[in-house]
$ cat final_1.txt   # compact mmCIF, N, CA and C atoms
# COMPACT_ATOMS: atom_id res chain seq x y z
N MET A 1 25.75 -25.99 100.22
CA MET A 1 25.12 -27.15 99.65
C MET A 1 25.12 -28.30 100.65
N LYS A 2 26.27 -28.51 101.28
CA LYS A 2 26.38 -29.63 102.20
C LYS A 2 25.36 -29.54 103.33
N SER A 3 25.11 -28.34 103.83
CA SER A 3 24.15 -28.20 104.92
C SER A 3 22.72 -28.52 104.47
N VAL A 4 22.46 -28.45 103.19
CA VAL A 4 21.12 -28.72 102.67
C VAL A 4 20.97 -30.18 102.26
N ILE A 5 21.97 -30.73 101.56
CA ILE A 5 21.83 -32.10 101.05
C ILE A 5 22.56 -33.15 101.88
N GLY A 6 23.40 -32.72 102.80
CA GLY A 6 24.05 -33.64 103.71
C GLY A 6 25.39 -34.19 103.27
N ASP A 7 25.54 -34.50 101.99
CA ASP A 7 26.77 -35.11 101.50
C ASP A 7 27.02 -34.62 100.08
N LEU A 8 28.15 -33.98 99.86
CA LEU A 8 28.45 -33.44 98.54
C LEU A 8 28.62 -34.52 97.48
N ASP A 9 28.84 -35.77 97.89
CA ASP A 9 28.91 -36.87 96.93
C ASP A 9 27.57 -37.12 96.24
N ARG A 10 26.50 -36.57 96.79
CA ARG A 10 25.17 -36.70 96.19
C ARG A 10 24.96 -35.76 95.00
N VAL A 11 25.86 -34.79 94.82
CA VAL A 11 25.73 -33.85 93.70
C VAL A 11 26.01 -34.60 92.41
N GLU A 12 25.00 -34.66 91.57
CA GLU A 12 25.14 -35.31 90.27
C GLU A 12 25.78 -34.34 89.28
N ARG A 13 25.30 -33.10 89.30
CA ARG A 13 25.91 -32.06 88.48
C ARG A 13 25.42 -30.70 88.93
N VAL A 14 26.24 -29.69 88.66
CA VAL A 14 25.84 -28.30 88.88
C VAL A 14 25.11 -27.88 87.62
N VAL A 15 23.87 -27.45 87.77
CA VAL A 15 23.04 -27.10 86.62
C VAL A 15 23.23 -25.64 86.23
N LYS A 16 23.11 -24.74 87.22
CA LYS A 16 23.16 -23.31 86.92
C LYS A 16 23.66 -22.51 88.11
N VAL A 17 24.38 -21.45 87.80
CA VAL A 17 24.85 -20.49 88.80
C VAL A 17 24.35 -19.11 88.38
N VAL A 18 23.75 -18.40 89.32
CA VAL A 18 23.37 -17.00 89.09
C VAL A 18 24.10 -16.18 90.14
N GLY A 19 24.90 -15.24 89.68
CA GLY A 19 25.65 -14.40 90.59
C GLY A 19 25.18 -12.97 90.53
N PHE A 20 24.97 -12.37 91.68
CA PHE A 20 24.57 -10.98 91.80
C PHE A 20 25.73 -10.20 92.42
N VAL A 21 26.13 -9.12 91.78
CA VAL A 21 27.27 -8.33 92.24
C VAL A 21 26.80 -6.91 92.50
N ALA A 22 26.91 -6.45 93.73
CA ALA A 22 26.58 -5.06 94.06
C ALA A 22 27.66 -4.19 93.43
N SER A 23 27.24 -3.32 92.52
CA SER A 23 28.25 -2.55 91.79
C SER A 23 27.66 -1.25 91.24
N ASP A 24 28.56 -0.35 90.94
CA ASP A 24 28.22 0.92 90.31
C ASP A 24 27.66 0.64 88.91
N PRO A 25 26.72 1.44 88.43
CA PRO A 25 26.16 1.22 87.09
C PRO A 25 27.21 1.22 85.98
N ALA A 26 28.32 1.90 86.17
CA ALA A 26 29.36 1.95 85.14
C ALA A 26 30.24 0.70 85.13
N PHE A 27 30.19 -0.12 86.18
CA PHE A 27 31.03 -1.33 86.27
C PHE A 27 30.43 -2.42 85.38
N THR A 28 31.27 -3.02 84.55
CA THR A 28 30.79 -4.07 83.64
C THR A 28 31.53 -5.39 83.84
N GLY A 29 32.24 -5.53 84.95
CA GLY A 29 33.05 -6.72 85.18
C GLY A 29 32.39 -7.79 86.03
N GLN A 30 31.07 -7.79 86.11
CA GLN A 30 30.37 -8.78 86.94
C GLN A 30 30.72 -10.22 86.55
N PRO A 31 30.82 -10.56 85.27
CA PRO A 31 31.20 -11.94 84.93
C PRO A 31 32.55 -12.35 85.51
N GLY A 32 33.49 -11.45 85.54
CA GLY A 32 34.80 -11.75 86.12
C GLY A 32 34.73 -12.00 87.61
N VAL A 33 33.85 -11.28 88.29
CA VAL A 33 33.67 -11.49 89.73
C VAL A 33 33.09 -12.88 89.98
N ILE A 34 32.12 -13.28 89.19
CA ILE A 34 31.46 -14.57 89.38
C ILE A 34 32.31 -15.73 88.89
N ASN A 35 33.37 -15.45 88.14
CA ASN A 35 34.29 -16.52 87.73
C ASN A 35 34.83 -17.28 88.93
N GLY A 36 35.00 -16.61 90.06
CA GLY A 36 35.52 -17.28 91.26
C GLY A 36 34.62 -18.43 91.68
N ALA A 37 33.31 -18.22 91.67
CA ALA A 37 32.37 -19.29 92.03
C ALA A 37 32.41 -20.40 90.99
N SER A 38 32.42 -20.03 89.72
CA SER A 38 32.45 -21.04 88.66
C SER A 38 33.72 -21.88 88.72
N ASN A 39 34.84 -21.22 88.95
CA ASN A 39 36.11 -21.95 89.03
C ASN A 39 36.13 -22.90 90.22
N LEU A 40 35.63 -22.45 91.36
CA LEU A 40 35.58 -23.31 92.55
C LEU A 40 34.72 -24.54 92.30
N LEU A 41 33.56 -24.37 91.69
CA LEU A 41 32.68 -25.51 91.41
C LEU A 41 33.33 -26.46 90.42
N GLY A 42 34.05 -25.93 89.44
CA GLY A 42 34.77 -26.79 88.49
C GLY A 42 35.86 -27.60 89.18
N GLU A 43 36.59 -26.98 90.10
CA GLU A 43 37.64 -27.68 90.83
C GLU A 43 37.04 -28.74 91.76
N ALA A 44 35.92 -28.42 92.39
CA ALA A 44 35.31 -29.33 93.35
C ALA A 44 34.62 -30.51 92.70
N PHE A 45 33.96 -30.27 91.55
CA PHE A 45 33.12 -31.31 90.95
C PHE A 45 33.59 -31.77 89.57
N GLY A 46 34.69 -31.24 89.08
CA GLY A 46 35.20 -31.66 87.78
C GLY A 46 34.19 -31.40 86.67
N GLU A 47 34.04 -32.35 85.78
CA GLU A 47 33.11 -32.22 84.65
C GLU A 47 31.68 -31.97 85.12
N ALA A 48 31.30 -32.53 86.25
CA ALA A 48 29.96 -32.33 86.80
C ALA A 48 29.75 -30.90 87.29
N GLY A 49 30.83 -30.14 87.40
CA GLY A 49 30.73 -28.75 87.85
C GLY A 49 30.52 -27.75 86.73
N VAL A 50 30.55 -28.23 85.47
CA VAL A 50 30.32 -27.35 84.32
C VAL A 50 28.84 -26.97 84.30
N HIS A 51 28.53 -25.67 84.16
CA HIS A 51 27.17 -25.20 84.35
C HIS A 51 26.83 -24.00 83.47
N ALA A 52 25.54 -23.73 83.34
CA ALA A 52 25.06 -22.48 82.75
C ALA A 52 25.25 -21.39 83.79
N ARG A 53 25.37 -20.14 83.34
CA ARG A 53 25.66 -19.09 84.31
C ARG A 53 25.16 -17.73 83.86
N SER A 54 24.74 -16.95 84.84
CA SER A 54 24.40 -15.54 84.63
C SER A 54 25.12 -14.72 85.68
N ALA A 55 25.53 -13.52 85.31
CA ALA A 55 26.14 -12.59 86.25
C ALA A 55 25.41 -11.25 86.11
N VAL A 56 24.85 -10.77 87.20
CA VAL A 56 23.99 -9.60 87.16
C VAL A 56 24.51 -8.53 88.12
N GLY A 57 24.57 -7.30 87.64
CA GLY A 57 24.92 -6.18 88.50
C GLY A 57 23.68 -5.61 89.16
N VAL A 58 23.76 -5.35 90.45
CA VAL A 58 22.63 -4.78 91.20
C VAL A 58 23.13 -3.60 92.03
N ALA A 59 22.21 -2.73 92.40
CA ALA A 59 22.59 -1.55 93.18
C ALA A 59 22.99 -1.91 94.60
N VAL A 60 22.27 -2.85 95.22
CA VAL A 60 22.54 -3.23 96.61
C VAL A 60 22.00 -4.64 96.84
N LEU A 61 22.65 -5.36 97.77
CA LEU A 61 22.21 -6.69 98.17
C LEU A 61 21.87 -6.68 99.65
N PRO A 62 21.10 -7.64 100.12
CA PRO A 62 20.75 -7.68 101.55
C PRO A 62 21.99 -7.63 102.45
N LEU A 63 21.87 -6.89 103.54
CA LEU A 63 22.94 -6.72 104.53
C LEU A 63 24.21 -6.14 103.92
N ASP A 64 24.08 -5.42 102.81
CA ASP A 64 25.21 -4.82 102.10
C ASP A 64 26.26 -5.84 101.66
N THR A 65 25.83 -7.05 101.42
CA THR A 65 26.72 -8.09 100.93
C THR A 65 27.21 -7.71 99.53
N PRO A 66 28.51 -7.86 99.23
CA PRO A 66 28.98 -7.47 97.91
C PRO A 66 28.60 -8.44 96.79
N VAL A 67 28.50 -9.73 97.13
CA VAL A 67 28.21 -10.75 96.11
C VAL A 67 27.25 -11.79 96.70
N GLU A 68 26.30 -12.21 95.89
CA GLU A 68 25.40 -13.31 96.26
C GLU A 68 25.41 -14.31 95.12
N VAL A 69 25.53 -15.59 95.46
CA VAL A 69 25.56 -16.64 94.44
C VAL A 69 24.44 -17.64 94.71
N GLU A 70 23.65 -17.88 93.68
CA GLU A 70 22.57 -18.88 93.74
C GLU A 70 23.00 -20.06 92.87
N ILE A 71 22.95 -21.26 93.45
CA ILE A 71 23.42 -22.45 92.74
C ILE A 71 22.29 -23.48 92.66
N THR A 72 22.04 -23.99 91.47
CA THR A 72 21.07 -25.06 91.27
C THR A 72 21.84 -26.32 90.93
N VAL A 73 21.61 -27.40 91.67
CA VAL A 73 22.30 -28.66 91.43
C VAL A 73 21.30 -29.80 91.27
N ALA A 74 21.70 -30.80 90.50
CA ALA A 74 20.96 -32.06 90.43
C ALA A 74 21.57 -32.99 91.47
N VAL A 75 20.71 -33.64 92.25
CA VAL A 75 21.16 -34.46 93.37
C VAL A 75 20.69 -35.89 93.22
N ARG A 76 21.59 -36.84 93.51
CA ARG A 76 21.23 -38.25 93.52
C ARG A 76 20.42 -38.57 94.77
N ASP A 77 19.51 -39.51 94.67
CA ASP A 77 18.75 -39.97 95.86
C ASP A 77 19.63 -40.77 96.79

$ encode --input "final_1.txt" --output "structure tokens"
Amino acid sequence: MKSVIGDLDRVERVVKVVGFVASDPAFTGQPGVINGASNLLGEAFGEAGVHARSAVGVAVLPLDTPVEVEITVAVRD
């Protein structure tokens, strides 16, 4: 985020997190994996870090990455 917006103090709130977890079709723990991202955002931004969230299991991610997280934030001017 910082590399895109320049200053994390500009984050007004975290709107949504979408997490993709490369996993076997029988694995159903994707939400637990994405909890790490949600917890970090809550610690970093407090109440402003509370967000909507989806956790999706996929067969493979680019470059064989195990987890990909997409974050949408509202930013102050």

$ residues_around --input "final_1.txt" --residues "range 5-19 of chain A" --least-positions-apart "6" --cutoff "9 Å" --atoms "only C-alpha atoms" --output "number ranges by chain"
A: 30-31, 33-34, 37-38, 41, 45, 47-57, 67-77

$ write_last_selection --input "final_1.txt" --atoms "N, CA and C atoms" --output "mmCIF file, in the frame of the given file"
data_model
loop_
_atom_site.group_PDB
_atom_site.id
_atom_site.type_symbol
_atom_site.label_atom_id
_atom_site.label_comp_id
_atom_site.auth_asym_id
_atom_site.auth_seq_id
_atom_site.Cartn_x
_atom_site.Cartn_y
_atom_site.Cartn_z
ATOM 1 N N GLN A 30 31.070 -7.790 86.110
ATOM 2 C CA GLN A 30 30.370 -8.780 86.940
ATOM 3 C C GLN A 30 30.720 -10.220 86.550
ATOM 4 N N PRO A 31 30.820 -10.560 85.270
ATOM 5 C CA PRO A 31 31.200 -11.940 84.930
ATOM 6 C C PRO A 31 32.550 -12.350 85.510
ATOM 7 N N VAL A 33 33.850 -11.280 88.290
ATOM 8 C CA VAL A 33 33.670 -11.490 89.730
ATOM 9 C C VAL A 33 33.090 -12.880 89.980
ATOM 10 N N ILE A 34 32.120 -13.280 89.190
ATOM 11 C CA ILE A 34 31.460 -14.570 89.380
ATOM 12 C C ILE A 34 32.310 -15.730 88.890
ATOM 13 N N ALA A 37 33.310 -18.220 91.670
ATOM 14 C CA ALA A 37 32.370 -19.290 92.030
ATOM 15 C C ALA A 37 32.410 -20.400 90.990
ATOM 16 N N SER A 38 32.420 -20.030 89.720
ATOM 17 C CA SER A 38 32.450 -21.040 88.660
ATOM 18 C C SER A 38 33.720 -21.880 88.720
ATOM 19 N N LEU A 41 33.560 -24.370 91.690
ATOM 20 C CA LEU A 41 32.680 -25.510 91.410
ATOM 21 C C LEU A 41 33.330 -26.460 90.420
ATOM 22 N N PHE A 45 33.960 -30.270 91.550
ATOM 23 C CA PHE A 45 33.120 -31.310 90.950
ATOM 24 C C PHE A 45 33.590 -31.770 89.570
ATOM 25 N N GLU A 47 34.040 -32.350 85.780
ATOM 26 C CA GLU A 47 33.110 -32.220 84.650
ATOM 27 C C GLU A 47 31.680 -31.970 85.120
ATOM 28 N N ALA A 48 31.300 -32.530 86.250
ATOM 29 C CA ALA A 48 29.960 -32.330 86.800
ATOM 30 C C ALA A 48 29.750 -30.900 87.290
ATOM 31 N N GLY A 49 30.830 -30.140 87.400
ATOM 32 C CA GLY A 49 30.730 -28.750 87.850
ATOM 33 C C GLY A 49 30.520 -27.750 86.730
ATOM 34 N N VAL A 50 30.550 -28.230 85.470
ATOM 35 C CA VAL A 50 30.320 -27.350 84.320
ATOM 36 C C VAL A 50 28.840 -26.970 84.300
ATOM 37 N N HIS A 51 28.530 -25.670 84.160
ATOM 38 C CA HIS A 51 27.170 -25.200 84.350
ATOM 39 C C HIS A 51 26.830 -24.000 83.470
ATOM 40 N N ALA A 52 25.540 -23.730 83.340
ATOM 41 C CA ALA A 52 25.060 -22.480 82.750
ATOM 42 C C ALA A 52 25.250 -21.390 83.790
ATOM 43 N N ARG A 53 25.370 -20.140 83.340
ATOM 44 C CA ARG A 53 25.660 -19.090 84.310
ATOM 45 C C ARG A 53 25.160 -17.730 83.860
ATOM 46 N N SER A 54 24.740 -16.950 84.840
ATOM 47 C CA SER A 54 24.400 -15.540 84.630
ATOM 48 C C SER A 54 25.120 -14.720 85.680
ATOM 49 N N ALA A 55 25.530 -13.520 85.310
ATOM 50 C CA ALA A 55 26.140 -12.590 86.250
ATOM 51 C C ALA A 55 25.410 -11.250 86.110
ATOM 52 N N VAL A 56 24.850 -10.770 87.200
ATOM 53 C CA VAL A 56 23.990 -9.600 87.160
ATOM 54 C C VAL A 56 24.510 -8.530 88.120
ATOM 55 N N GLY A 57 24.570 -7.300 87.640
ATOM 56 C CA GLY A 57 24.920 -6.180 88.500
ATOM 57 C C GLY A 57 23.680 -5.610 89.160
ATOM 58 N N VAL A 67 28.500 -9.730 97.130
ATOM 59 C CA VAL A 67 28.210 -10.750 96.110
ATOM 60 C C VAL A 67 27.250 -11.790 96.700
ATOM 61 N N GLU A 68 26.300 -12.210 95.890
ATOM 62 C CA GLU A 68 25.400 -13.310 96.260
ATOM 63 C C GLU A 68 25.410 -14.310 95.120
ATOM 64 N N VAL A 69 25.530 -15.590 95.460
ATOM 65 C CA VAL A 69 25.560 -16.640 94.440
ATOM 66 C C VAL A 69 24.440 -17.640 94.710
ATOM 67 N N GLU A 70 23.650 -17.880 93.680
ATOM 68 C CA GLU A 70 22.570 -18.880 93.740
ATOM 69 C C GLU A 70 23.000 -20.060 92.870
ATOM 70 N N ILE A 71 22.950 -21.260 93.450
ATOM 71 C CA ILE A 71 23.420 -22.450 92.740
ATOM 72 C C ILE A 71 22.290 -23.480 92.660
ATOM 73 N N THR A 72 22.040 -23.990 91.470
ATOM 74 C CA THR A 72 21.070 -25.060 91.270
ATOM 75 C C THR A 72 21.840 -26.320 90.930
ATOM 76 N N VAL A 73 21.610 -27.400 91.670
ATOM 77 C CA VAL A 73 22.300 -28.660 91.430
ATOM 78 C C VAL A 73 21.300 -29.800 91.270
ATOM 79 N N ALA A 74 21.700 -30.800 90.500
ATOM 80 C CA ALA A 74 20.960 -32.060 90.430
ATOM 81 C C ALA A 74 21.570 -32.990 91.470
ATOM 82 N N VAL A 75 20.710 -33.640 92.250
ATOM 83 C CA VAL A 75 21.160 -34.460 93.370
ATOM 84 C C VAL A 75 20.690 -35.890 93.220
ATOM 85 N N ARG A 76 21.590 -36.840 93.510
ATOM 86 C CA ARG A 76 21.230 -38.250 93.520
ATOM 87 C C ARG A 76 20.420 -38.570 94.770
ATOM 88 N N ASP A 77 19.510 -39.510 94.670
ATOM 89 C CA ASP A 77 18.750 -39.970 95.860
ATOM 90 C C ASP A 77 19.630 -40.770 96.790
#

$ atom_distance --input "final_1.txt" --atom1 "CA of Ala22 in chain A" --atom2 "CA of Gly42 in chain A"
23.9 Å

$ select_by_dssp --input "final_1.txt" --residues "chain A" --states "strand (DSSP E)" --output "list in words"
Val11, Glu12, Arg13, Val14, Val15, Lys16, Val17, Val18, Gly19, Phe20, Val21, Ala22, Ala52, Arg53, Ser54, Ala55, Val56, Gly57, Val58, Val67, Glu68, Val69, Glu70, Ile71, Thr72, Val73, Ala74 and Val75 of chain A

$ closest_residue --input "final_1.txt" --among "A:Gly46, A:Asn39, A:Ser3, A:Pro25" --to "Ala59 in chain A" --atoms "all atoms listed in the file"
A:Pro25

$ select_by_dssp --input "final_1.txt" --residues "chain A" --states "helix (DSSP H, G or I)" --output "ChimeraX atom specification"
/A:2-5,8-10,30-49,62-64

$ closest_residue --input "final_1.txt" --among "A:Gly36, A:Glu43, A:Asp24, A:Gly29" --to "Val58 in chain A" --atoms "only C-alpha atoms"
A:Asp24
